[in-house]
>>> print(open('input24.csv').read())   # CSV, C-alpha atoms
chain,number,residue,atom,x,y,z
R,1472,MET,CA,0.0,0.0,0.0
R,1473,VAL,CA,1.1,3.6,-0.7
R,1474,ASN,CA,0.0,6.3,1.7
R,1475,GLY,CA,-2.7,3.9,3.1
R,1476,ALA,CA,-4.1,3.2,-0.4
R,1477,TYR,CA,-4.3,-0.2,-2.0
R,1478,ARG,CA,-2.3,-0.5,-5.2
R,1479,SER,CA,-4.5,-2.9,-7.1
R,1480,VAL,CA,-8.3,-3.1,-7.3
R,1481,ALA,CA,-10.5,-5.9,-8.8
R,1482,VAL,CA,-14.1,-5.1,-9.7
R,1483,LEU,CA,-16.3,-8.2,-9.9
R,1484,GLY,CA,-19.1,-7.4,-12.3
R,1485,ALA,CA,-18.7,-5.5,-15.6
R,1486,GLY,CA,-22.2,-4.0,-15.8
R,1487,ALA,CA,-22.5,-0.2,-16.1
R,1488,TRP,CA,-21.8,0.5,-12.5
R,1489,GLY,CA,-19.0,-2.0,-12.1
R,1490,THR,CA,-17.3,-0.5,-15.2
R,1491,ALA,CA,-17.7,3.0,-13.9
R,1492,LEU,CA,-16.1,2.1,-10.6
R,1493,ALA,CA,-13.2,0.4,-12.5
R,1494,GLN,CA,-12.8,3.7,-14.3
R,1495,VAL,CA,-12.7,5.6,-11.0
R,1496,ALA,CA,-10.1,3.3,-9.5
R,1497,ALA,CA,-8.0,3.6,-12.6
R,1498,ALA,CA,-8.2,7.4,-12.5
R,1499,ALA,CA,-7.0,7.3,-8.9
R,1500,GLY,CA,-3.9,5.6,-10.2
R,1501,ARG,CA,-4.7,2.0,-9.3
R,1502,ASP,CA,-4.0,-1.1,-11.4
R,1503,VAL,CA,-7.5,-2.4,-12.1
R,1504,THR,CA,-8.8,-5.8,-13.1
R,1505,LEU,CA,-12.5,-5.9,-14.3
R,1506,TRP,CA,-14.0,-9.4,-14.0
R,1507,ALA,CA,-16.7,-10.0,-16.7
R,1508,ARG,CA,-18.6,-13.1,-17.7
R,1509,GLU,CA,-19.2,-11.9,-21.2
R,1510,PRO,CA,-16.4,-12.6,-23.7
R,1511,GLU,CA,-17.3,-9.6,-25.8
R,1512,VAL,CA,-16.9,-7.3,-22.7
R,1513,VAL,CA,-13.5,-8.7,-22.0
R,1514,GLU,CA,-12.5,-8.3,-25.7
R,1515,GLY,CA,-14.0,-4.8,-25.9
R,1516,VAL,CA,-12.3,-3.5,-22.7
R,1517,ASN,CA,-8.9,-5.0,-23.6
R,1518,SER,CA,-8.7,-4.1,-27.3
R,1519,ALA,CA,-10.9,-1.0,-27.7
R,1520,HIS,CA,-11.0,0.3,-24.1
R,1521,GLU,CA,-14.8,0.3,-24.1
R,1522,ASN,CA,-17.5,-1.8,-22.6
R,1523,PRO,CA,-19.7,-2.3,-25.7
R,1524,LEU,CA,-22.6,-4.1,-23.9
R,1525,PHE,CA,-23.1,-2.1,-20.7
R,1526,LEU,CA,-21.4,1.3,-21.1
R,1527,PRO,CA,-21.0,2.0,-24.9
R,1528,GLY,CA,-19.5,5.2,-26.0
R,1529,ILE,CA,-17.4,5.8,-22.9
R,1530,ALA,CA,-13.6,5.7,-23.4
R,1531,LEU,CA,-12.1,3.6,-20.6
R,1532,ASN,CA,-8.7,4.2,-18.9
R,1533,ALA,CA,-6.0,2.0,-20.3
R,1534,LYS,CA,-5.3,0.9,-16.7
R,1535,VAL,CA,-8.6,-1.0,-16.7
R,1536,ARG,CA,-7.9,-4.6,-17.9
R,1537,ALA,CA,-10.7,-7.2,-18.2
R,1538,THR,CA,-10.6,-10.9,-17.5
R,1539,ASN,CA,-13.1,-13.8,-17.2
R,1540,SER,CA,-11.0,-15.5,-14.6
R,1541,ILE,CA,-12.2,-14.8,-11.0
R,1542,GLU,CA,-9.0,-16.5,-9.7
R,1543,GLU,CA,-7.0,-13.8,-11.5
R,1544,ALA,CA,-9.2,-11.0,-10.2
R,1545,ALA,CA,-8.9,-12.3,-6.6
R,1546,LYS,CA,-5.1,-11.5,-6.6
R,1547,ALA,CA,-5.9,-7.7,-6.2
R,1548,GLU,CA,-5.3,-6.0,-2.9
R,1549,LEU,CA,-8.9,-4.6,-2.8
R,1550,ILE,CA,-12.0,-6.2,-4.3
R,1551,LEU,CA,-15.2,-4.4,-5.2
R,1552,ALA,CA,-18.1,-6.8,-5.6
R,1553,VAL,CA,-20.6,-5.3,-8.1
R,1554,PRO,CA,-22.9,-8.1,-9.4
R,1555,PRO,CA,-26.7,-7.6,-9.3
R,1556,ALA,CA,-27.9,-8.2,-5.8
R,1557,GLN,CA,-29.7,-11.5,-6.6
R,1558,HIS,CA,-26.4,-12.9,-8.0
R,1559,MET,CA,-24.1,-11.7,-5.2
R,1560,ARG,CA,-24.2,-15.0,-3.3
R,1561,ALA,CA,-23.1,-17.0,-6.4
R,1562,VAL,CA,-20.3,-14.6,-7.2
R,1563,LEU,CA,-19.0,-14.6,-3.6
R,1564,ARG,CA,-19.2,-18.4,-3.5
R,1565,SER,CA,-17.1,-18.5,-6.7
R,1566,LEU,CA,-14.6,-16.0,-5.2
R,1567,ARG,CA,-14.2,-17.8,-1.8
R,1568,PRO,CA,-11.6,-20.4,-2.8
R,1569,HIS,CA,-9.4,-17.8,-4.4
R,1570,LEU,CA,-9.6,-14.9,-1.9
R,1571,ARG,CA,-6.5,-14.1,0.0
R,1572,SER,CA,-6.7,-14.3,3.8
R,1573,GLY,CA,-7.6,-10.8,5.1
R,1574,ALA,CA,-8.3,-9.3,1.8
R,1575,PRO,CA,-10.9,-6.4,2.1
R,1576,LEU,CA,-14.1,-6.7,0.1
R,1577,VAL,CA,-16.5,-3.8,-0.7
R,1578,LEU,CA,-20.1,-4.6,-1.5
R,1579,CYS,CA,-21.5,-2.3,-4.2
R,1580,ALA,CA,-24.8,-3.9,-5.1
R,1581,LYS,CA,-28.1,-2.4,-3.9
R,1582,GLY,CA,-30.8,-4.8,-3.0
R,1583,VAL,CA,-32.2,-7.4,-0.7
R,1584,GLU,CA,-31.9,-11.1,-1.5
R,1585,ARG,CA,-35.3,-12.7,-2.4
R,1586,GLY,CA,-36.3,-15.7,-0.3
R,1587,SER,CA,-33.7,-15.3,2.5
R,1588,LEU,CA,-34.4,-11.5,3.0
R,1589,ALA,CA,-30.6,-11.1,3.5
R,1590,LEU,CA,-28.8,-7.9,3.0
R,1591,MET,CA,-25.6,-8.1,1.0
R,1592,THR,CA,-23.5,-8.0,4.2
R,1593,ASP,CA,-25.5,-11.0,5.5
R,1594,VAL,CA,-24.8,-12.8,2.3
R,1595,LEU,CA,-21.1,-12.0,2.7
R,1596,ALA,CA,-21.0,-13.3,6.3
R,1597,GLU,CA,-22.6,-16.5,5.2
R,1598,GLU,CA,-20.5,-17.2,2.2
R,1599,ILE,CA,-17.1,-15.8,3.3
R,1600,PRO,CA,-17.1,-15.8,7.1
R,1601,GLY,CA,-14.5,-13.6,8.8
R,1602,VAL,CA,-14.3,-10.8,6.2
R,1603,VAL,CA,-14.7,-7.3,7.6
R,1604,PRO,CA,-17.5,-5.9,5.5
R,1605,ALA,CA,-17.6,-2.6,3.7
R,1606,VAL,CA,-20.5,-1.1,1.6
R,1607,LEU,CA,-20.3,1.5,-1.1
R,1608,SER,CA,-23.6,3.2,-1.7
R,1609,GLY,CA,-24.9,6.6,-2.7
R,1610,PRO,CA,-26.2,8.8,-5.6
R,1611,GLY,CA,-24.5,8.4,-8.9
R,1612,PHE,CA,-25.3,7.3,-12.5
R,1613,ALA,CA,-22.7,5.1,-14.1
R,1614,LYS,CA,-22.2,7.2,-17.2
R,1615,ASP,CA,-21.7,10.4,-15.2
R,1616,VAL,CA,-19.2,8.7,-12.9
R,1617,ALA,CA,-17.3,7.1,-15.8
R,1618,ARG,CA,-17.1,10.5,-17.5
R,1619,GLY,CA,-15.6,12.0,-14.3
R,1620,LEU,CA,-18.6,14.2,-13.4
R,1621,PRO,CA,-18.7,15.2,-9.7
R,1622,THR,CA,-20.3,12.6,-7.5
R,1623,ALA,CA,-20.4,11.9,-3.8
R,1624,THR,CA,-21.0,8.6,-2.1
R,1625,THR,CA,-20.8,6.7,1.2
R,1626,ILE,CA,-18.3,4.1,2.3
R,1627,ALA,CA,-19.7,2.3,5.3
R,1628,SER,CA,-17.7,-0.1,7.5
R,1629,PRO,CA,-17.4,-1.0,11.2
R,1630,ASP,CA,-13.7,-0.7,10.8
R,1631,PRO,CA,-12.8,3.0,10.4
R,1632,ASP,CA,-9.2,2.3,9.3
R,1633,LEU,CA,-10.5,0.1,6.5
R,1634,ALA,CA,-13.1,2.7,5.4
R,1635,GLN,CA,-10.4,5.4,5.3
R,1636,ARG,CA,-8.1,3.1,3.2
R,1637,ILE,CA,-10.9,2.5,0.7
R,1638,VAL,CA,-11.5,6.2,0.5
R,1639,ALA,CA,-7.8,6.7,-0.1
R,1640,THR,CA,-7.8,4.1,-2.8
R,1641,ILE,CA,-10.7,5.3,-4.9
R,1642,GLY,CA,-11.3,8.9,-3.8
R,1643,LEU,CA,-10.9,11.6,-6.4
R,1644,PRO,CA,-11.8,15.3,-6.5
R,1645,THR,CA,-14.8,14.3,-8.7
R,1646,PHE,CA,-15.6,11.1,-6.8
R,1647,ARG,CA,-15.9,12.0,-3.1
R,1648,PRO,CA,-16.5,9.1,-0.7
R,1649,TYR,CA,-17.6,9.9,2.8
R,1650,PHE,CA,-17.0,7.2,5.4
R,1651,ALA,CA,-19.6,5.9,8.0
R,1652,ASP,CA,-20.0,3.0,10.3
R,1653,ASP,CA,-23.7,2.2,9.6
R,1654,LEU,CA,-23.9,-0.8,7.3
R,1655,ILE,CA,-27.6,-1.3,7.7
R,1656,GLY,CA,-28.4,2.3,6.9
R,1657,ALA,CA,-26.2,2.2,3.8
R,1658,GLU,CA,-27.8,-1.0,2.5
R,1659,ILE,CA,-31.4,-0.2,3.3
R,1660,GLY,CA,-31.2,3.2,1.7
R,1661,GLY,CA,-29.8,1.7,-1.5
R,1662,ALA,CA,-32.3,-1.1,-1.7
R,1663,VAL,CA,-35.6,0.7,-0.9
R,1664,LYS,CA,-34.9,3.8,-3.1
R,1665,ASN,CA,-34.9,1.5,-6.2
R,1666,VAL,CA,-38.4,0.4,-5.3
R,1667,ILE,CA,-39.7,3.9,-4.7
R,1668,ALA,CA,-38.1,5.0,-8.0
R,1669,ILE,CA,-40.3,2.5,-9.9
R,1670,ALA,CA,-43.3,4.2,-8.3
R,1671,CYS,CA,-42.0,7.6,-9.4
R,1672,GLY,CA,-41.6,6.3,-12.9
R,1673,VAL,CA,-45.1,5.0,-13.0
R,1674,ALA,CA,-46.3,8.5,-12.0
R,1675,GLU,CA,-44.2,10.0,-14.8
R,1676,GLY,CA,-45.6,7.5,-17.3
R,1677,ARG,CA,-49.1,8.2,-16.2
R,1678,LYS,CA,-48.4,12.0,-16.4
R,1679,LEU,CA,-49.6,12.5,-12.8
R,1680,GLY,CA,-47.4,15.7,-12.5
R,1681,ASP,CA,-44.5,16.9,-10.4
R,1682,GLY,CA,-46.5,17.1,-7.3
R,1683,ALA,CA,-47.2,13.4,-7.4
R,1684,ARG,CA,-43.5,12.7,-7.8
R,1685,ALA,CA,-42.6,15.0,-4.9
R,1686,ALA,CA,-45.2,13.2,-2.7
R,1687,LEU,CA,-43.9,9.8,-3.6
R,1688,ILE,CA,-40.3,10.8,-2.9
R,1689,THR,CA,-41.2,12.3,0.5
R,1690,ARG,CA,-43.6,9.5,1.6
R,1691,GLY,CA,-41.2,7.0,0.1
R,1692,PHE,CA,-38.4,8.4,2.3
R,1693,ALA,CA,-40.7,8.0,5.3
R,1694,GLU,CA,-41.1,4.3,4.3
R,1695,LEU,CA,-37.3,3.9,3.9
R,1696,THR,CA,-36.7,5.6,7.2
R,1697,ARG,CA,-39.3,3.5,9.1
R,1698,LEU,CA,-37.8,0.2,7.9
R,1699,GLY,CA,-34.2,1.3,8.4
R,1700,LEU,CA,-34.8,2.4,12.0
R,1701,ALA,CA,-36.7,-0.8,12.7
R,1702,MET,CA,-33.7,-2.7,11.5
R,1703,GLY,CA,-31.2,-0.7,13.6
R,1704,ALA,CA,-30.0,1.9,11.1
R,1705,LYS,CA,-29.0,5.4,12.1
R,1706,ALA,CA,-31.3,8.3,11.2
R,1707,GLU,CA,-28.4,10.4,10.0
R,1708,THR,CA,-27.3,7.7,7.6
R,1709,LEU,CA,-30.8,7.4,6.1
R,1710,SER,CA,-31.0,11.2,5.6
R,1711,GLY,CA,-27.5,11.3,4.0
R,1712,LEU,CA,-26.0,10.4,0.7
R,1713,CYS,CA,-26.9,6.7,0.7
R,1714,GLY,CA,-30.5,7.3,1.8
R,1715,LEU,CA,-32.2,10.6,0.9
R,1716,GLY,CA,-29.5,11.6,-1.6
R,1717,ASP,CA,-29.7,8.4,-3.6
R,1718,LEU,CA,-33.5,8.5,-3.4
R,1719,VAL,CA,-33.7,12.0,-4.9
R,1720,LEU,CA,-31.3,11.3,-7.7
R,1721,THR,CA,-32.9,8.0,-8.7
R,1722,CYS,CA,-36.5,9.2,-8.5
R,1723,ALA,CA,-35.8,12.4,-10.4
R,1724,SER,CA,-34.4,11.1,-13.6
R,1725,LEU,CA,-35.3,8.7,-16.4
R,1726,THR,CA,-31.6,7.8,-16.6
R,1727,SER,CA,-32.4,5.5,-13.7
R,1728,ARG,CA,-33.2,2.0,-14.8
R,1729,ASN,CA,-35.8,1.7,-12.1
R,1730,THR,CA,-37.5,5.0,-12.9
R,1731,SER,CA,-37.5,4.3,-16.6
R,1732,LEU,CA,-38.9,0.8,-16.0
R,1733,GLY,CA,-41.8,2.4,-14.0
R,1734,ALA,CA,-42.3,5.0,-16.7
R,1735,ALA,CA,-42.7,2.4,-19.4
R,1736,LEU,CA,-45.2,0.5,-17.2
R,1737,GLY,CA,-47.0,3.7,-16.5
R,1738,GLU,CA,-47.3,4.3,-20.3
R,1739,GLY,CA,-49.1,1.0,-20.5
R,1740,ARG,CA,-46.4,-1.3,-21.8
R,1741,LYS,CA,-46.1,-4.9,-20.7
R,1742,LEU,CA,-43.4,-5.9,-18.3
R,1743,LYS,CA,-42.1,-8.8,-20.4
R,1744,ASP,CA,-41.8,-6.5,-23.4
R,1745,ILE,CA,-39.8,-3.9,-21.4
R,1746,LEU,CA,-37.5,-6.5,-20.0
R,1747,ALA,CA,-36.9,-8.1,-23.4
R,1748,GLU,CA,-35.3,-4.9,-24.6
R,1749,ARG,CA,-32.9,-4.5,-21.7
R,1750,ARG,CA,-29.6,-6.0,-20.7
R,1751,SER,CA,-29.2,-4.3,-17.4
R,1752,VAL,CA,-31.1,-5.3,-14.3
R,1753,ALA,CA,-33.6,-3.0,-12.6
R,1754,GLU,CA,-32.8,-3.8,-9.0
R,1755,GLY,CA,-36.0,-2.4,-7.6
R,1756,MET,CA,-38.1,-4.9,-9.4
R,1757,GLU,CA,-36.0,-7.8,-8.1
R,1758,SER,CA,-35.9,-6.4,-4.5
R,1759,ALA,CA,-39.5,-5.3,-4.2
R,1760,PRO,CA,-40.9,-8.6,-2.9
R,1761,ALA,CA,-38.0,-8.9,-0.3
R,1762,VAL,CA,-38.5,-5.3,0.8
R,1763,VAL,CA,-42.2,-5.9,1.4
R,1764,ALA,CA,-41.4,-9.2,3.2
R,1765,LEU,CA,-38.9,-7.3,5.5
R,1766,ALA,CA,-41.6,-4.7,6.2
R,1767,ALA,CA,-43.9,-7.4,7.3
R,1768,LYS,CA,-41.2,-9.1,9.4
R,1769,TYR,CA,-40.5,-5.8,11.3
R,1770,ASN,CA,-44.2,-4.7,11.3
R,1771,VAL,CA,-43.5,-1.6,9.3
R,1772,GLU,CA,-46.1,-0.1,7.0
R,1773,MET,CA,-44.8,0.5,3.4
R,1774,PRO,CA,-47.8,1.1,1.2
R,1775,ILE,CA,-45.8,2.5,-1.8
R,1776,CYS,CA,-43.4,-0.4,-1.8
R,1777,ALA,CA,-46.3,-2.8,-1.5
R,1778,ALA,CA,-48.0,-1.2,-4.5
R,1779,VAL,CA,-44.8,-1.5,-6.6
R,1780,ASP,CA,-44.4,-5.1,-5.6
R,1781,ALA,CA,-48.0,-5.9,-6.6
R,1782,ILE,CA,-47.6,-4.1,-9.9
R,1783,VAL,CA,-44.3,-5.8,-11.0
R,1784,GLY,CA,-45.7,-9.1,-9.7
R,1785,GLU,CA,-48.7,-8.4,-12.0
R,1786,ARG,CA,-51.2,-9.0,-9.2
R,1787,ILE,CA,-52.8,-5.6,-9.6
R,1788,GLY,CA,-53.3,-3.1,-12.4
R,1789,ILE,CA,-51.6,0.3,-12.2
R,1790,ASP,CA,-54.9,2.3,-12.1
R,1791,GLU,CA,-56.1,0.1,-9.2
R,1792,ALA,CA,-52.8,0.6,-7.4
R,1793,ILE,CA,-53.0,4.4,-7.8
R,1794,THR,CA,-56.6,4.4,-6.6
R,1795,ALA,CA,-55.7,2.3,-3.5
R,1796,LEU,CA,-52.9,4.7,-2.5
R,1797,LEU,CA,-55.0,7.8,-3.0
R,1798,SER,CA,-57.9,6.3,-1.0
R,1799,ARG,CA,-55.8,5.7,2.1
R,1800,PRO,CA,-57.1,7.4,5.3
R,1801,PHE,CA,-55.8,10.9,6.1
R,1802,LYS,CA,-53.4,11.1,9.0
R,1803,ALA,CA,-50.7,13.1,10.6
R,1804,GLU,CA,-47.5,13.3,8.6
R,1805,SER,CA,-45.4,12.0,11.4
R,1806,ALA,CA,-47.6,9.0,12.0
>>> encode(input="input24.csv", output="structure tokens")
Amino acid sequence: MVNGAYRSVAVLGAGAWGTALAQVAAAAGRDVTLWAREPEVVEGVNSAHENPLFLPGIALNAKVRATNSIEEAAKAELILAVPPAQHMRAVLRSLRPHLRSGAPLVLCAKGVERGSLALMTDVLAEEIPGVVPAVLSGPGFAKDVARGLPTATTIASPDPDLAQRIVATIGLPTFRPYFADDLIGAEIGGAVKNVIAIACGVAEGRKLGDGARAALITRGFAELTRLGLAMGAKAETLSGLCGLGDLVLTCASLTSRNTSLGAALGEGRKLKDILAERRSVAEGMESAPAVVALAAKYNVEMPICAAVDAIVGERIGIDEAITALLSRPFKAESA
């Protein structure tokens, strides 16, 4: 390590966000290995310095080198795990035999595992016991981050020295990580905001107006906060970059995969047709059932998330879901 920073970084997952984080690490001067399943991504990154499938049109730093060997990627001093949340367990299981003892690992996926209701840190604890966890979460679109546009994010870890080393490794004037110790807050913020973003997209697609979106963001933040606090998160984390900040960014722009998915649904398109056109995963759709199940487990009311779950599960029509939300009893805002 140089000045507390790790010299080499591996990014597991070459989707748009993983590729953007690889670009950040390379810009910070690190040797970067990007692990990808797709041969065309490996070829594109290594020969043309571009990810043709998930981040086309963005010129990548020559320090980013791609591989399809997870064993090779595991040799890096710092590992960022960036697969979709529902695939995190399988990736960590593949990584485990090759991981160096004591190697730090940063979880960069936003979601809750369906079935188990596990957060990504829970998945890590089960698959690779003994690793001190860290979570990277916060507001940022992959294309903006890859282009070097200003972005701030959160690095959460119970080990403050580890958090600061991660910040030293990938921090840039245009990529500003703030460290925290609240893993649950960082994870819940990232998972729930994706579900709320689908609701905001539906409102956009149905042309319900800016007031409806503002209401969904605000009441969605209340839902996010209720669940987070019930699970042991800190209020200041939930109101920070990885909670409120990420919620506002994701809900306010059709650049978000989750918001654009909701908008297409709101316009009346069928879910199967929307998904057939996409390579990237809309994490909110995958996490919605798990978020709603967590809410039931902790006895937390989350009507917006429940409506999204019912819509993407095709158990209820959009107009029926909107009517149900608008027909809820009036009550105090702090209730």
>>> residues_near_point(input="input24.csv", point="(-24.7, -12.2, -1.4)", cutoff="10 Å", atoms="only C-alpha atoms", output="PDB file with C-alpha atoms, in the frame of the given file")
ATOM      1  CA  ALA R1552     -18.100  -6.800  -5.600  1.00  0.00           C
ATOM      2  CA  PRO R1554     -22.900  -8.100  -9.400  1.00  0.00           C
ATOM      3  CA  PRO R1555     -26.700  -7.600  -9.300  1.00  0.00           C
ATOM      4  CA  ALA R1556     -27.900  -8.200  -5.800  1.00  0.00           C
ATOM      5  CA  GLN R1557     -29.700 -11.500  -6.600  1.00  0.00           C
ATOM      6  CA  HIS R1558     -26.400 -12.900  -8.000  1.00  0.00           C
ATOM      7  CA  MET R1559     -24.100 -11.700  -5.200  1.00  0.00           C
ATOM      8  CA  ARG R1560     -24.200 -15.000  -3.300  1.00  0.00           C
ATOM      9  CA  ALA R1561     -23.100 -17.000  -6.400  1.00  0.00           C
ATOM     10  CA  VAL R1562     -20.300 -14.600  -7.200  1.00  0.00           C
ATOM     11  CA  LEU R1563     -19.000 -14.600  -3.600  1.00  0.00           C
ATOM     12  CA  ARG R1564     -19.200 -18.400  -3.500  1.00  0.00           C
ATOM     13  CA  LEU R1578     -20.100  -4.600  -1.500  1.00  0.00           C
ATOM     14  CA  ALA R1580     -24.800  -3.900  -5.100  1.00  0.00           C
ATOM     15  CA  GLY R1582     -30.800  -4.800  -3.000  1.00  0.00           C
ATOM     16  CA  VAL R1583     -32.200  -7.400  -0.700  1.00  0.00           C
ATOM     17  CA  GLU R1584     -31.900 -11.100  -1.500  1.00  0.00           C
ATOM     18  CA  ALA R1589     -30.600 -11.100   3.500  1.00  0.00           C
ATOM     19  CA  LEU R1590     -28.800  -7.900   3.000  1.00  0.00           C
ATOM     20  CA  MET R1591     -25.600  -8.100   1.000  1.00  0.00           C
ATOM     21  CA  THR R1592     -23.500  -8.000   4.200  1.00  0.00           C
ATOM     22  CA  ASP R1593     -25.500 -11.000   5.500  1.00  0.00           C
ATOM     23  CA  VAL R1594     -24.800 -12.800   2.300  1.00  0.00           C
ATOM     24  CA  LEU R1595     -21.100 -12.000   2.700  1.00  0.00           C
ATOM     25  CA  ALA R1596     -21.000 -13.300   6.300  1.00  0.00           C
ATOM     26  CA  GLU R1597     -22.600 -16.500   5.200  1.00  0.00           C
ATOM     27  CA  GLU R1598     -20.500 -17.200   2.200  1.00  0.00           C
ATOM     28  CA  ILE R1599     -17.100 -15.800   3.300  1.00  0.00           C
TER      29      ILE R1599
END
>>> residues_around(input="input24.csv", residues="R:Ala1674", least_positions_apart="2", cutoff="9 Å", atoms="all atoms listed in the file", output="MDAnalysis selection string")
chainID R and resid 1669:1672 1676:1681 1683:1684 1687 1733:1734 1737 1793
>>> write_last_selection(input="input24.csv", atoms="C-alpha atoms", output="mmCIF file, in the frame of the given file")
data_model
loop_
_atom_site.group_PDB
_atom_site.id
_atom_site.type_symbol
_atom_site.label_atom_id
_atom_site.label_comp_id
_atom_site.auth_asym_id
_atom_site.auth_seq_id
_atom_site.Cartn_x
_atom_site.Cartn_y
_atom_site.Cartn_z
ATOM 1 C CA ILE R 1669 -40.300 2.500 -9.900
ATOM 2 C CA ALA R 1670 -43.300 4.200 -8.300
ATOM 3 C CA CYS R 1671 -42.000 7.600 -9.400
ATOM 4 C CA GLY R 1672 -41.600 6.300 -12.900
ATOM 5 C CA GLY R 1676 -45.600 7.500 -17.300
ATOM 6 C CA ARG R 1677 -49.100 8.200 -16.200
ATOM 7 C CA LYS R 1678 -48.400 12.000 -16.400
ATOM 8 C CA LEU R 1679 -49.600 12.500 -12.800
ATOM 9 C CA GLY R 1680 -47.400 15.700 -12.500
ATOM 10 C CA ASP R 1681 -44.500 16.900 -10.400
ATOM 11 C CA ALA R 1683 -47.200 13.400 -7.400
ATOM 12 C CA ARG R 1684 -43.500 12.700 -7.800
ATOM 13 C CA LEU R 1687 -43.900 9.800 -3.600
ATOM 14 C CA GLY R 1733 -41.800 2.400 -14.000
ATOM 15 C CA ALA R 1734 -42.300 5.000 -16.700
ATOM 16 C CA GLY R 1737 -47.000 3.700 -16.500
ATOM 17 C CA ILE R 1793 -53.000 4.400 -7.800
#
>>> closest_residue(input="input24.csv", among="R:Ser1710, R:Thr1622, R:Ser1518, R:Thr1721", to="R:Ile1667", atoms="all atoms listed in the file")
R:Thr1721
>>> residues_around(input="input24.csv", residues="R:Asp1780", least_positions_apart="4", cutoff="10 Å", atoms="only C-alpha atoms", output="list of chain:residue names")
R:Val1666, R:Ile1669, R:Ala1670, R:Gly1755, R:Met1756, R:Glu1757, R:Ser1758, R:Ala1759, R:Pro1760, R:Ala1761, R:Val1762, R:Val1763, R:Pro1774, R:Ile1775, R:Cys1776, R:Gly1784, R:Glu1785, R:Arg1786, R:Ile1787
>>> closest_residue(input="input24.csv", among="R:Leu1742, R:Ala1496, R:Leu1588, R:Val1516", to="R:Ile1529", atoms="only C-alpha atoms")
R:Val1516
>>> atom_distance(input="input24.csv", atom1="atom CA of R:Pro1568", atom2="atom CA of R:Pro1600")
12.2 Å
>>> closest_residue(input="input24.csv", among="R:Arg1636, R:Gly1515, R:Pro1523, R:Ala1547", to="R:Leu1483", atoms="all atoms listed in the file")
R:Ala1547
>>> closest_residue(input="input24.csv", among="R:Asn1522, R:Thr1624, R:Thr1645, R:Thr1708", to="R:Pro1610", atoms="all atoms listed in the file")
R:Thr1624
>>> closest_residue(input="input24.csv", among="R:Lys1664, R:Arg1697, R:Arg1478, R:Arg1571", to="R:Ala1766", atoms="all atoms listed in the file")
R:Arg1697
>>> atom_distance(input="input24.csv", atom1="atom CA of R:Thr1696", atom2="atom CA of R:Gly1682")
20.9 Å
>>> atom_distance(input="input24.csv", atom1="atom CA of R:Ala1704", atom2="atom CA of R:Val1482")
27.1 Å
>>> closest_residue(input="input24.csv", among="R:Ala1605, R:Val1535, R:Ile1550, R:Ala1701", to="R:Asn1770", atoms="all atoms listed in the file")
R:Ala1701
>>> residues_near_point(input="input24.csv", point="(-26.6, -6.2, -24.4)", cutoff="12 Å", atoms="all atoms listed in the file", output="list in words")
Ala1485, Gly1486, Ala1487, Glu1509, Glu1511, Val1512, Asn1522, Pro1523, Leu1524, Phe1525, Leu1526, Pro1527, Leu1746, Ala1747, Glu1748, Arg1749, Arg1750, Ser1751 and Val1752 of chain R
>>> residues_around(input="input24.csv", residues="R:Ala1497", least_positions_apart="5", cutoff="7 Å", atoms="all atoms listed in the file", output="PyMOL selection string")
chain R and resi 1502-1503+1532+1534-1535
>>> residues_around(input="input24.csv", residues="R:Ser1805", least_positions_apart="4", cutoff="12 Å", atoms="only C-alpha atoms", output="ChimeraX atom specification")
/R:1689-1690,1693-1694,1696-1697,1801
